>>> print(open('entry-v4.csv').read())   # CSV, C-alpha atoms
chain,number,residue,atom,x,y,z
A,131,MET,CA,-120.5,-80.7,18.7
A,132,SER,CA,-124.1,-81.9,19.0
A,133,SER,CA,-126.4,-81.0,16.1
A,134,ARG,CA,-129.0,-78.2,16.6
A,135,THR,CA,-132.2,-80.1,16.5
A,136,ARG,CA,-134.8,-77.4,17.0
A,137,ARG,CA,-135.4,-73.7,17.5
A,138,LEU,CA,-133.8,-73.3,20.9
A,139,VAL,CA,-132.6,-70.0,22.4
A,140,VAL,CA,-130.8,-69.8,25.8
A,141,VAL,CA,-131.4,-66.5,27.6
A,142,VAL,CA,-128.8,-65.7,30.4
A,143,GLY,CA,-129.9,-63.4,33.1
A,144,CYS,CA,-133.6,-63.2,34.0
A,145,GLY,CA,-133.9,-59.5,35.1
A,146,ARG,CA,-136.4,-57.2,33.4
A,147,LEU,CA,-134.7,-57.5,30.0
A,148,GLY,CA,-134.0,-61.2,30.2
A,149,GLY,CA,-137.5,-62.0,31.5
A,150,LEU,CA,-139.2,-60.0,28.8
A,151,LEU,CA,-137.1,-61.5,26.0
A,152,ALA,CA,-137.6,-65.1,27.3
A,153,SER,CA,-141.3,-64.5,27.5
A,154,ARG,CA,-141.6,-63.0,24.1
A,155,LEU,CA,-139.6,-65.7,22.4
A,156,SER,CA,-141.6,-68.4,24.2
A,157,ALA,CA,-144.9,-66.7,23.1
A,158,ARG,CA,-143.6,-67.0,19.5
A,159,GLY,CA,-143.2,-70.8,19.9
A,160,VAL,CA,-139.5,-70.8,20.3
A,161,GLU,CA,-138.1,-73.2,22.8
A,162,VAL,CA,-136.4,-71.2,25.5
A,163,VAL,CA,-134.0,-72.0,28.4
A,164,VAL,CA,-133.4,-69.2,30.9
A,165,ILE,CA,-130.5,-69.2,33.3
A,166,ASP,CA,-130.2,-67.0,36.4
A,167,LEU,CA,-128.1,-67.2,39.6
A,168,LEU,CA,-131.3,-66.7,41.7
A,169,GLU,CA,-134.5,-68.7,41.6
A,170,ASP,CA,-136.4,-65.5,42.5
A,171,ALA,CA,-135.4,-63.9,39.2
A,172,PHE,CA,-137.7,-66.2,37.3
A,173,ASP,CA,-140.6,-64.1,38.8
A,174,THR,CA,-140.1,-61.7,35.8
A,175,LEU,CA,-141.2,-64.4,33.4
A,176,SER,CA,-144.8,-64.1,32.1
A,177,PRO,CA,-147.2,-66.7,33.4
A,178,ALA,CA,-147.5,-68.1,29.9
A,179,PHE,CA,-143.8,-68.8,29.7
A,180,SER,CA,-143.4,-72.5,28.7
A,181,GLY,CA,-139.6,-72.9,28.6
A,182,PHE,CA,-137.1,-74.2,31.1
A,183,ARG,CA,-135.5,-72.5,34.1
A,184,VAL,CA,-132.0,-73.3,35.2
A,185,ALA,CA,-130.7,-71.7,38.5
A,186,GLY,CA,-126.9,-71.5,38.3
A,187,ASP,CA,-123.9,-69.4,37.3
A,188,ALA,CA,-123.7,-69.2,33.6
A,189,THR,CA,-120.0,-68.5,33.7
A,190,GLU,CA,-119.6,-72.2,34.6
A,191,LEU,CA,-119.5,-74.4,31.6
A,192,ALA,CA,-121.4,-77.1,33.4
A,193,VAL,CA,-124.3,-74.8,33.9
A,194,LEU,CA,-124.4,-73.8,30.2
A,195,ARG,CA,-124.3,-77.4,29.2
A,196,LYS,CA,-127.1,-78.3,31.6
A,197,ALA,CA,-129.1,-75.6,29.8
A,198,ARG,CA,-128.4,-77.4,26.5
A,199,THR,CA,-126.6,-74.4,25.2
A,200,ALA,CA,-124.6,-76.5,22.7
A,201,GLU,CA,-127.9,-77.3,20.9
A,202,ALA,CA,-129.1,-73.7,20.8
A,203,SER,CA,-129.5,-71.6,17.7
A,204,ALA,CA,-128.8,-68.5,19.7
A,205,VAL,CA,-127.7,-67.2,23.1
A,206,ILE,CA,-128.7,-63.8,24.5
A,207,VAL,CA,-126.8,-62.7,27.5
A,208,THR,CA,-128.5,-60.0,29.6
A,209,THR,CA,-126.9,-59.8,33.0
A,210,ARG,CA,-126.1,-56.4,34.5
A,211,ASP,CA,-122.4,-56.9,34.2
A,212,ASP,CA,-120.7,-56.1,30.8
A,213,ASN,CA,-117.7,-58.4,31.6
A,214,THR,CA,-119.9,-61.3,32.5
A,215,ASN,CA,-122.0,-60.8,29.3
A,216,MET,CA,-118.9,-60.7,27.1
A,217,MET,CA,-117.4,-63.8,28.7
A,218,VAL,CA,-120.6,-65.9,28.5
A,219,ALA,CA,-121.2,-64.9,24.9
A,220,GLN,CA,-117.7,-65.8,23.9
A,221,VAL,CA,-117.9,-69.2,25.6
A,222,ALA,CA,-121.2,-69.9,23.8
A,223,ARG,CA,-119.7,-68.9,20.4
A,224,GLN,CA,-116.2,-70.3,20.7
A,225,VAL,CA,-116.5,-73.3,23.0
A,226,LEU,CA,-120.0,-74.5,22.4
A,227,GLY,CA,-120.3,-73.4,18.7
A,228,VAL,CA,-123.6,-71.5,19.1
A,229,PRO,CA,-124.2,-69.8,15.7
A,230,GLN,CA,-125.5,-66.5,17.1
A,231,ALA,CA,-124.7,-64.7,20.4
A,232,VAL,CA,-126.2,-61.4,21.5
A,233,ALA,CA,-124.9,-59.6,24.6
A,234,ARG,CA,-126.3,-56.6,26.4
A,235,VAL,CA,-123.5,-54.0,26.8
A,236,PHE,CA,-124.1,-50.9,29.0
A,237,ASP,CA,-121.0,-49.1,27.9
A,238,PRO,CA,-121.5,-47.9,24.2
A,239,ALA,CA,-117.7,-47.6,23.9
A,240,ARG,CA,-117.3,-51.3,24.2
A,241,GLU,CA,-119.6,-52.3,21.4
A,242,ALA,CA,-116.9,-52.3,18.7
A,243,ILE,CA,-114.9,-54.9,20.8
A,244,TYR,CA,-117.8,-57.3,20.9
A,245,HIS,CA,-118.4,-56.9,17.2
A,246,GLY,CA,-114.8,-57.8,16.6
A,247,LEU,CA,-115.5,-61.1,18.5
A,248,ASP,CA,-118.5,-61.7,16.3
A,249,ILE,CA,-120.9,-61.1,19.1
A,250,ALA,CA,-124.0,-58.9,18.4
A,251,THR,CA,-124.9,-56.3,21.0
A,252,VAL,CA,-127.9,-54.5,22.4
A,253,CYS,CA,-127.1,-51.3,24.3
A,254,PRO,CA,-129.6,-50.0,26.8
A,255,THR,CA,-127.9,-46.6,26.6
A,256,SER,CA,-127.4,-45.9,22.9
A,257,LEU,CA,-130.7,-47.4,21.7
A,258,PRO,CA,-132.9,-45.1,23.9
A,259,ALA,CA,-130.6,-42.2,22.9
A,260,ASP,CA,-131.2,-42.9,19.2
A,261,VAL,CA,-135.0,-43.1,19.8
A,262,ALA,CA,-135.1,-40.0,22.0
A,263,VAL,CA,-133.2,-38.0,19.4
A,264,ASP,CA,-135.8,-39.2,16.8
A,265,ARG,CA,-138.7,-38.2,19.1
A,266,VAL,CA,-137.5,-34.6,19.5
A,267,SER,CA,-136.5,-34.1,15.9
A,268,ALA,CA,-140.0,-33.3,14.8
A,269,ALA,CA,-140.4,-30.7,17.6
A,270,LEU,CA,-137.0,-29.2,16.6
A,271,ALA,CA,-137.9,-29.1,12.9
A,272,ALA,CA,-141.1,-27.1,13.9
A,273,THR,CA,-138.9,-24.5,15.6
A,274,PRO,CA,-137.1,-21.9,13.6
A,275,GLU,CA,-133.3,-22.3,13.7
A,276,THR,CA,-132.8,-18.8,15.0
A,277,ARG,CA,-135.2,-15.9,15.8
A,278,THR,CA,-133.3,-13.5,18.0
B,79,MET,CA,-145.6,-18.2,28.2
B,80,SER,CA,-142.4,-16.9,26.7
B,81,SER,CA,-142.0,-17.6,23.0
B,82,ARG,CA,-139.6,-20.3,21.8
B,83,THR,CA,-136.9,-18.3,20.2
B,84,ARG,CA,-134.5,-21.1,19.1
B,85,ARG,CA,-133.8,-24.8,18.9
B,86,LEU,CA,-133.3,-25.5,22.6
B,87,VAL,CA,-133.6,-28.8,24.3
B,88,VAL,CA,-133.4,-29.4,28.0
B,89,VAL,CA,-132.0,-32.7,29.1
B,90,VAL,CA,-132.8,-33.7,32.7
B,91,GLY,CA,-130.4,-36.3,34.3
B,92,CYS,CA,-126.8,-36.5,33.1
B,93,GLY,CA,-126.0,-40.2,33.6
B,94,ARG,CA,-124.9,-42.3,30.7
B,95,LEU,CA,-128.1,-41.8,28.7
B,96,GLY,CA,-128.5,-38.1,29.5
B,97,GLY,CA,-124.8,-37.4,28.8
B,98,LEU,CA,-124.9,-39.2,25.5
B,99,LEU,CA,-128.1,-37.5,24.4
B,100,ALA,CA,-126.9,-34.0,25.4
B,101,SER,CA,-123.6,-34.6,23.6
B,102,ARG,CA,-125.3,-35.8,20.4
B,103,LEU,CA,-127.8,-33.0,20.3
B,104,SER,CA,-125.0,-30.4,20.9
B,105,ALA,CA,-122.9,-32.0,18.1
B,106,ARG,CA,-125.9,-31.5,15.8
B,107,GLY,CA,-125.9,-27.8,16.5
B,108,VAL,CA,-128.9,-27.9,18.9
B,109,GLU,CA,-128.7,-25.6,21.9
B,110,VAL,CA,-128.8,-27.8,25.0
B,111,VAL,CA,-129.2,-27.2,28.7
B,112,VAL,CA,-128.5,-30.2,30.9
B,113,ILE,CA,-129.7,-30.5,34.5
B,114,ASP,CA,-128.4,-32.9,37.2
B,115,LEU,CA,-128.4,-33.0,41.0
B,116,LEU,CA,-124.7,-33.5,41.0
B,117,GLU,CA,-121.9,-31.5,39.4
B,118,ASP,CA,-119.9,-34.7,38.9
B,119,ALA,CA,-122.6,-36.1,36.6
B,120,PHE,CA,-121.5,-33.6,33.9
B,121,ASP,CA,-118.3,-35.7,33.5
B,122,THR,CA,-120.4,-37.9,31.1
B,123,LEU,CA,-120.7,-35.1,28.6
B,124,SER,CA,-118.3,-35.2,25.6
B,125,PRO,CA,-115.4,-32.7,25.6
B,126,ALA,CA,-117.0,-31.0,22.6
B,127,PHE,CA,-120.3,-30.4,24.5
B,128,SER,CA,-121.1,-26.7,24.0
B,129,GLY,CA,-124.3,-26.3,26.0
B,130,PHE,CA,-125.1,-25.2,29.5
B,131,ARG,CA,-124.9,-27.2,32.8
B,132,VAL,CA,-127.3,-26.5,35.7
B,133,ALA,CA,-126.7,-28.3,39.0
B,134,GLY,CA,-130.0,-28.6,40.9
B,135,ASP,CA,-133.1,-30.6,41.5
B,136,ALA,CA,-135.3,-30.6,38.3
B,137,THR,CA,-138.4,-31.4,40.4
B,138,GLU,CA,-138.2,-27.8,41.6
B,139,LEU,CA,-139.8,-25.3,39.2
B,140,ALA,CA,-137.2,-22.7,40.0
B,141,VAL,CA,-134.5,-25.1,38.7
B,142,LEU,CA,-136.4,-25.8,35.5
B,143,ARG,CA,-136.9,-22.0,35.0
B,144,LYS,CA,-133.2,-21.4,35.5
B,145,ALA,CA,-132.5,-23.9,32.7
B,146,ARG,CA,-134.8,-21.8,30.5
B,147,THR,CA,-137.2,-24.8,30.1
B,148,ALA,CA,-140.1,-22.5,29.2
B,149,GLU,CA,-138.3,-21.5,26.0
B,150,ALA,CA,-137.4,-25.1,25.0
B,151,SER,CA,-138.7,-27.0,22.0
B,152,ALA,CA,-138.4,-30.2,23.9
B,153,VAL,CA,-137.5,-31.7,27.2
B,154,ILE,CA,-135.9,-35.2,27.7
B,155,VAL,CA,-136.0,-36.6,31.2
B,156,THR,CA,-133.6,-39.4,31.8
B,157,THR,CA,-133.1,-39.9,35.6
B,158,ARG,CA,-133.0,-43.4,37.0
B,159,ASP,CA,-136.4,-43.0,38.7
B,160,ASP,CA,-139.6,-43.5,36.7
B,161,ASN,CA,-141.7,-41.3,39.1
B,162,THR,CA,-139.3,-38.4,38.9
B,163,ASN,CA,-139.2,-38.7,35.1
B,164,MET,CA,-143.0,-38.7,34.8
B,165,MET,CA,-143.3,-35.7,37.2
B,166,VAL,CA,-140.7,-33.5,35.5
B,167,ALA,CA,-142.1,-34.3,32.1
B,168,GLN,CA,-145.6,-33.4,33.2
B,169,VAL,CA,-144.5,-30.1,34.7
B,170,ALA,CA,-142.6,-29.3,31.5
B,171,ARG,CA,-145.6,-30.0,29.4
B,172,GLN,CA,-148.5,-28.7,31.5
B,173,VAL,CA,-146.9,-25.9,33.5
B,174,LEU,CA,-144.2,-24.6,31.2
B,175,GLY,CA,-145.9,-25.4,27.9
B,176,VAL,CA,-143.0,-27.3,26.3
B,177,PRO,CA,-144.3,-28.8,23.0
B,178,GLN,CA,-142.6,-32.1,23.3
B,179,ALA,CA,-141.5,-34.2,26.4
B,180,VAL,CA,-139.8,-37.5,26.3
B,181,ALA,CA,-139.3,-39.6,29.5
B,182,ARG,CA,-137.2,-42.6,30.1
B,183,VAL,CA,-139.4,-45.3,31.6
B,184,PHE,CA,-137.8,-48.5,33.0
B,185,ASP,CA,-141.1,-50.3,33.6
B,186,PRO,CA,-142.6,-51.2,30.2
B,187,ALA,CA,-146.1,-51.6,31.8
B,188,ARG,CA,-146.1,-47.9,32.6
B,189,GLU,CA,-145.6,-46.6,29.0
B,190,ALA,CA,-149.3,-46.5,28.2
B,191,ILE,CA,-149.9,-44.1,31.2
B,192,TYR,CA,-147.3,-41.7,29.9
B,193,HIS,CA,-148.7,-41.8,26.4
B,194,GLY,CA,-152.1,-40.9,27.9
B,195,LEU,CA,-150.5,-37.8,29.4
B,196,ASP,CA,-149.0,-36.9,26.0
B,197,ILE,CA,-145.5,-37.7,27.1
B,198,ALA,CA,-143.4,-39.8,24.7
B,199,THR,CA,-141.3,-42.5,26.2
B,200,VAL,CA,-138.0,-44.4,25.7
B,201,CYS,CA,-137.8,-47.7,27.5
B,202,PRO,CA,-134.3,-49.2,28.1
B,203,THR,CA,-135.9,-52.6,28.7
B,204,SER,CA,-138.3,-53.0,25.7
B,205,LEU,CA,-136.1,-51.4,23.1
B,206,PRO,CA,-133.2,-53.8,23.6
B,207,ALA,CA,-135.7,-56.6,23.8
B,208,ASP,CA,-137.1,-55.7,20.4
B,209,VAL,CA,-133.6,-55.4,18.9
B,210,ALA,CA,-132.4,-58.7,20.5
B,211,VAL,CA,-135.4,-60.6,19.1
B,212,ASP,CA,-134.6,-59.1,15.7
B,213,ARG,CA,-130.9,-60.2,16.0
B,214,VAL,CA,-131.7,-63.8,16.8
B,215,SER,CA,-134.5,-64.1,14.2
B,216,ALA,CA,-132.1,-64.7,11.4
B,217,ALA,CA,-130.4,-67.5,13.4
B,218,LEU,CA,-133.8,-69.0,14.2
B,219,ALA,CA,-134.9,-68.9,10.6
B,220,ALA,CA,-131.8,-70.8,9.6
B,221,THR,CA,-132.7,-73.6,12.0
B,222,PRO,CA,-135.4,-76.2,11.0
B,223,GLU,CA,-138.5,-75.9,13.1
B,224,THR,CA,-138.3,-79.5,14.3
B,225,ARG,CA,-135.9,-82.3,13.4
B,226,THR,CA,-136.4,-84.9,16.1
>>> encode(input="entry-v4.csv", output="structure tokens")
Amino acid sequence: MSSRTRRLVVVVGCGRLGGLLASRLSARGVEVVVIDLLEDAFDTLSPAFSGFRVAGDATELAVLRKARTAEASAVIVTTRDDNTNMMVAQVARQVLGVPQAVARVFDPAREAIYHGLDIATVCPTSLPADVAVDRVSAALAATPETRT
Amino acid sequence: MSSRTRRLVVVVGCGRLGGLLASRLSARGVEVVVIDLLEDAFDTLSPAFSGFRVAGDATELAVLRKARTAEASAVIVTTRDDNTNMMVAQVARQVLGVPQAVARVFDPAREAIYHGLDIATVCPTSLPADVAVDRVSAALAATPETRT
């Protein structure tokens, strides 16, 4: 296992979420490598993005190695497919020894499985649900419970 | 404008997010009406959901009225289309006088426009990005800034 020599994060999937994440981390001075199947996907990166782009299939170990994943402090996997995200996150953790892996998971019911594999999750369903419930709580509190 | 007689929330769109939201609010004892174009969409509701289902197009005022939107404390609009969400949220606020409207918005660049219209937002792109950055921050902090 090569040693982790700097603050490097590998972002897999460069759609809206991946592009935003890679751009934000890059703006914070973190070294970022972003992987996507399609070159066109890199258009979501901000013009100021100063990291590296790797076009390829992140389910292939050779592609992850090319992106220097074994040196990364963290991997964030953001493709639109839950199975791909779990698989890539697991390979990063178990095969390449990356200390921290975060996977996007669309199905809230699957989050517990990921956590059992020591993979952190972000869920684009349950997070907005939590926030939306918070947002309406004030309006609900201002309404009497019953007045019939 | 009819008076708001109870804690009623109208949820528009019953996909994964809408179904989760409607189920959570219902479980908290809030009266919920959920609207979707397709009857099948209501399959996402939890078996314990005790609210009302309205099949119809929420961009039609008659459908919103049928769902008793004018009596609601809040409306949460969760379809997959940003324009639809903005439109329905605006009609709820401006035409039906609903005190609080929350719209799902996929494009983070549009959130400011909604806020100018007094519509709260939940963004399934920027929320997971915020959380993912938080999740890797600990891993990054544990890595020396440079060691070359």
>>> closest_residue(input="entry-v4.csv", among="A:Val139, A:Ser180, A:Ala231, A:Ala271", to="Ala197 of chain A", atoms="all atoms listed in the file")
A:Val139
>>> interface_residues(input="entry-v4.csv", of="chain B", to="chain A", cutoff="9 Å", atoms="all atoms listed in the file", output="JSON, numbers by chain")
{"B": [82, 83, 84, 85, 86, 87, 94, 95, 96, 98, 99, 102, 103, 108, 151, 152, 153, 154, 177, 178, 179, 180, 181, 182, 184, 185, 198, 199, 200, 201, 202, 203, 204, 205, 206, 207, 208, 209, 210, 211, 213, 214, 216, 217, 218, 219, 220, 221, 222, 223, 224, 225, 226]}
>>> atom_distance(input="entry-v4.csv", atom1="atom CA of Cys144 of chain A", atom2="atom CA of Gly186 of chain A")
11.5 Å
>>> atom_distance(input="entry-v4.csv", atom1="atom CA of Phe127 of chain B", atom2="atom CA of Thr147 of chain B")
18.7 Å
>>> atom_distance(input="entry-v4.csv", atom1="atom CA of His193 of chain B", atom2="atom CA of Met164 of chain B")
10.6 Å
>>> residues_near_point(input="entry-v4.csv", point="(-130.6, -32.8, 29.9)", cutoff="6 Å", atoms="all atoms listed in the file", output="number ranges by chain")
B: 88-91, 96, 100, 111-113
>>> closest_residue(input="entry-v4.csv", among="A:Ala239, A:Ala188, A:Arg210, A:Glu201", to="Gly227 of chain A", atoms="all atoms listed in the file")
A:Glu201
>>> closest_residue(input="entry-v4.csv", among="A:Thr209, A:Ser156, A:Ser176, A:Thr189", to="Val221 of chain A", atoms="all atoms listed in the file")
A:Thr189
>>> build_atoms(input="entry-v4.csv", residues="segment 158-180 of chain B", atoms="N, CA and C atoms", output="PDB file, in the coordinates of the input")
ATOM      1  N   ARG B 158    -132.845 -42.010  36.787  1.00  0.00           N
ATOM      2  CA  ARG B 158    -133.000 -43.400  37.000  1.00  0.00           C
ATOM      3  C   ARG B 158    -134.348 -43.766  37.702  1.00  0.00           C
ATOM      4  N   ASP B 159    -135.176 -42.740  37.966  1.00  0.00           N
ATOM      5  CA  ASP B 159    -136.400 -43.000  38.700  1.00  0.00           C
ATOM      6  C   ASP B 159    -137.642 -42.652  37.848  1.00  0.00           C
ATOM      7  N   ASP B 160    -138.465 -43.654  37.586  1.00  0.00           N
ATOM      8  CA  ASP B 160    -139.600 -43.500  36.700  1.00  0.00           C
ATOM      9  C   ASP B 160    -140.575 -42.383  37.224  1.00  0.00           C
ATOM     10  N   ASN B 161    -140.794 -42.329  38.529  1.00  0.00           N
ATOM     11  CA  ASN B 161    -141.700 -41.300  39.100  1.00  0.00           C
ATOM     12  C   ASN B 161    -141.211 -39.914  38.865  1.00  0.00           C
ATOM     13  N   THR B 162    -139.927 -39.725  39.132  1.00  0.00           N
ATOM     14  CA  THR B 162    -139.300 -38.400  38.900  1.00  0.00           C
ATOM     15  C   THR B 162    -139.449 -38.033  37.427  1.00  0.00           C
ATOM     16  N   ASN B 163    -139.200 -38.992  36.541  1.00  0.00           N
ATOM     17  CA  ASN B 163    -139.200 -38.700  35.100  1.00  0.00           C
ATOM     18  C   ASN B 163    -140.642 -38.271  34.674  1.00  0.00           C
ATOM     19  N   MET B 164    -141.645 -39.005  35.164  1.00  0.00           N
ATOM     20  CA  MET B 164    -143.000 -38.700  34.800  1.00  0.00           C
ATOM     21  C   MET B 164    -143.368 -37.275  35.340  1.00  0.00           C
ATOM     22  N   MET B 165    -142.999 -37.013  36.580  1.00  0.00           N
ATOM     23  CA  MET B 165    -143.300 -35.700  37.200  1.00  0.00           C
ATOM     24  C   MET B 165    -142.703 -34.569  36.478  1.00  0.00           C
ATOM     25  N   VAL B 166    -141.419 -34.649  36.213  1.00  0.00           N
ATOM     26  CA  VAL B 166    -140.700 -33.500  35.500  1.00  0.00           C
ATOM     27  C   VAL B 166    -141.261 -33.351  34.119  1.00  0.00           C
ATOM     28  N   ALA B 167    -141.531 -34.444  33.425  1.00  0.00           N
ATOM     29  CA  ALA B 167    -142.100 -34.300  32.100  1.00  0.00           C
ATOM     30  C   ALA B 167    -143.434 -33.660  32.073  1.00  0.00           C
ATOM     31  N   GLN B 168    -144.256 -34.005  33.051  1.00  0.00           N
ATOM     32  CA  GLN B 168    -145.600 -33.400  33.200  1.00  0.00           C
ATOM     33  C   GLN B 168    -145.519 -31.910  33.468  1.00  0.00           C
ATOM     34  N   VAL B 169    -144.645 -31.529  34.388  1.00  0.00           N
ATOM     35  CA  VAL B 169    -144.500 -30.100  34.700  1.00  0.00           C
ATOM     36  C   VAL B 169    -144.020 -29.348  33.472  1.00  0.00           C
ATOM     37  N   ALA B 170    -143.089 -29.926  32.739  1.00  0.00           N
ATOM     38  CA  ALA B 170    -142.600 -29.300  31.500  1.00  0.00           C
ATOM     39  C   ALA B 170    -143.737 -29.058  30.527  1.00  0.00           C
ATOM     40  N   ARG B 171    -144.548 -30.090  30.318  1.00  0.00           N
ATOM     41  CA  ARG B 171    -145.600 -30.000  29.400  1.00  0.00           C
ATOM     42  C   ARG B 171    -146.750 -29.081  29.826  1.00  0.00           C
ATOM     43  N   GLN B 172    -147.236 -29.335  31.059  1.00  0.00           N
ATOM     44  CA  GLN B 172    -148.500 -28.700  31.500  1.00  0.00           C
ATOM     45  C   GLN B 172    -148.226 -27.291  32.088  1.00  0.00           C
ATOM     46  N   VAL B 173    -147.160 -27.146  32.867  1.00  0.00           N
ATOM     47  CA  VAL B 173    -146.900 -25.900  33.500  1.00  0.00           C
ATOM     48  C   VAL B 173    -146.120 -24.925  32.653  1.00  0.00           C
ATOM     49  N   LEU B 174    -145.108 -25.482  31.983  1.00  0.00           N
ATOM     50  CA  LEU B 174    -144.200 -24.600  31.200  1.00  0.00           C
ATOM     51  C   LEU B 174    -144.529 -24.647  29.708  1.00  0.00           C
ATOM     52  N   GLY B 175    -145.491 -25.451  29.302  1.00  0.00           N
ATOM     53  CA  GLY B 175    -145.900 -25.400  27.900  1.00  0.00           C
ATOM     54  C   GLY B 175    -144.926 -25.911  26.892  1.00  0.00           C
ATOM     55  N   VAL B 176    -144.021 -26.788  27.293  1.00  0.00           N
ATOM     56  CA  VAL B 176    -143.000 -27.300  26.300  1.00  0.00           C
ATOM     57  C   VAL B 176    -143.733 -28.227  25.338  1.00  0.00           C
ATOM     58  N   PRO B 177    -143.526 -27.994  24.029  1.00  0.00           N
ATOM     59  CA  PRO B 177    -144.300 -28.800  23.000  1.00  0.00           C
ATOM     60  C   PRO B 177    -144.075 -30.261  23.054  1.00  0.00           C
ATOM     61  N   GLN B 178    -142.865 -30.703  23.380  1.00  0.00           N
ATOM     62  CA  GLN B 178    -142.600 -32.100  23.300  1.00  0.00           C
ATOM     63  C   GLN B 178    -141.802 -32.560  24.548  1.00  0.00           C
ATOM     64  N   ALA B 179    -142.277 -33.619  25.212  1.00  0.00           N
ATOM     65  CA  ALA B 179    -141.500 -34.200  26.400  1.00  0.00           C
ATOM     66  C   ALA B 179    -141.336 -35.656  26.125  1.00  0.00           C
ATOM     67  N   VAL B 180    -140.123 -36.103  26.386  1.00  0.00           N
ATOM     68  CA  VAL B 180    -139.800 -37.500  26.300  1.00  0.00           C
ATOM     69  C   VAL B 180    -139.257 -37.964  27.630  1.00  0.00           C
TER      70      VAL B 180
END
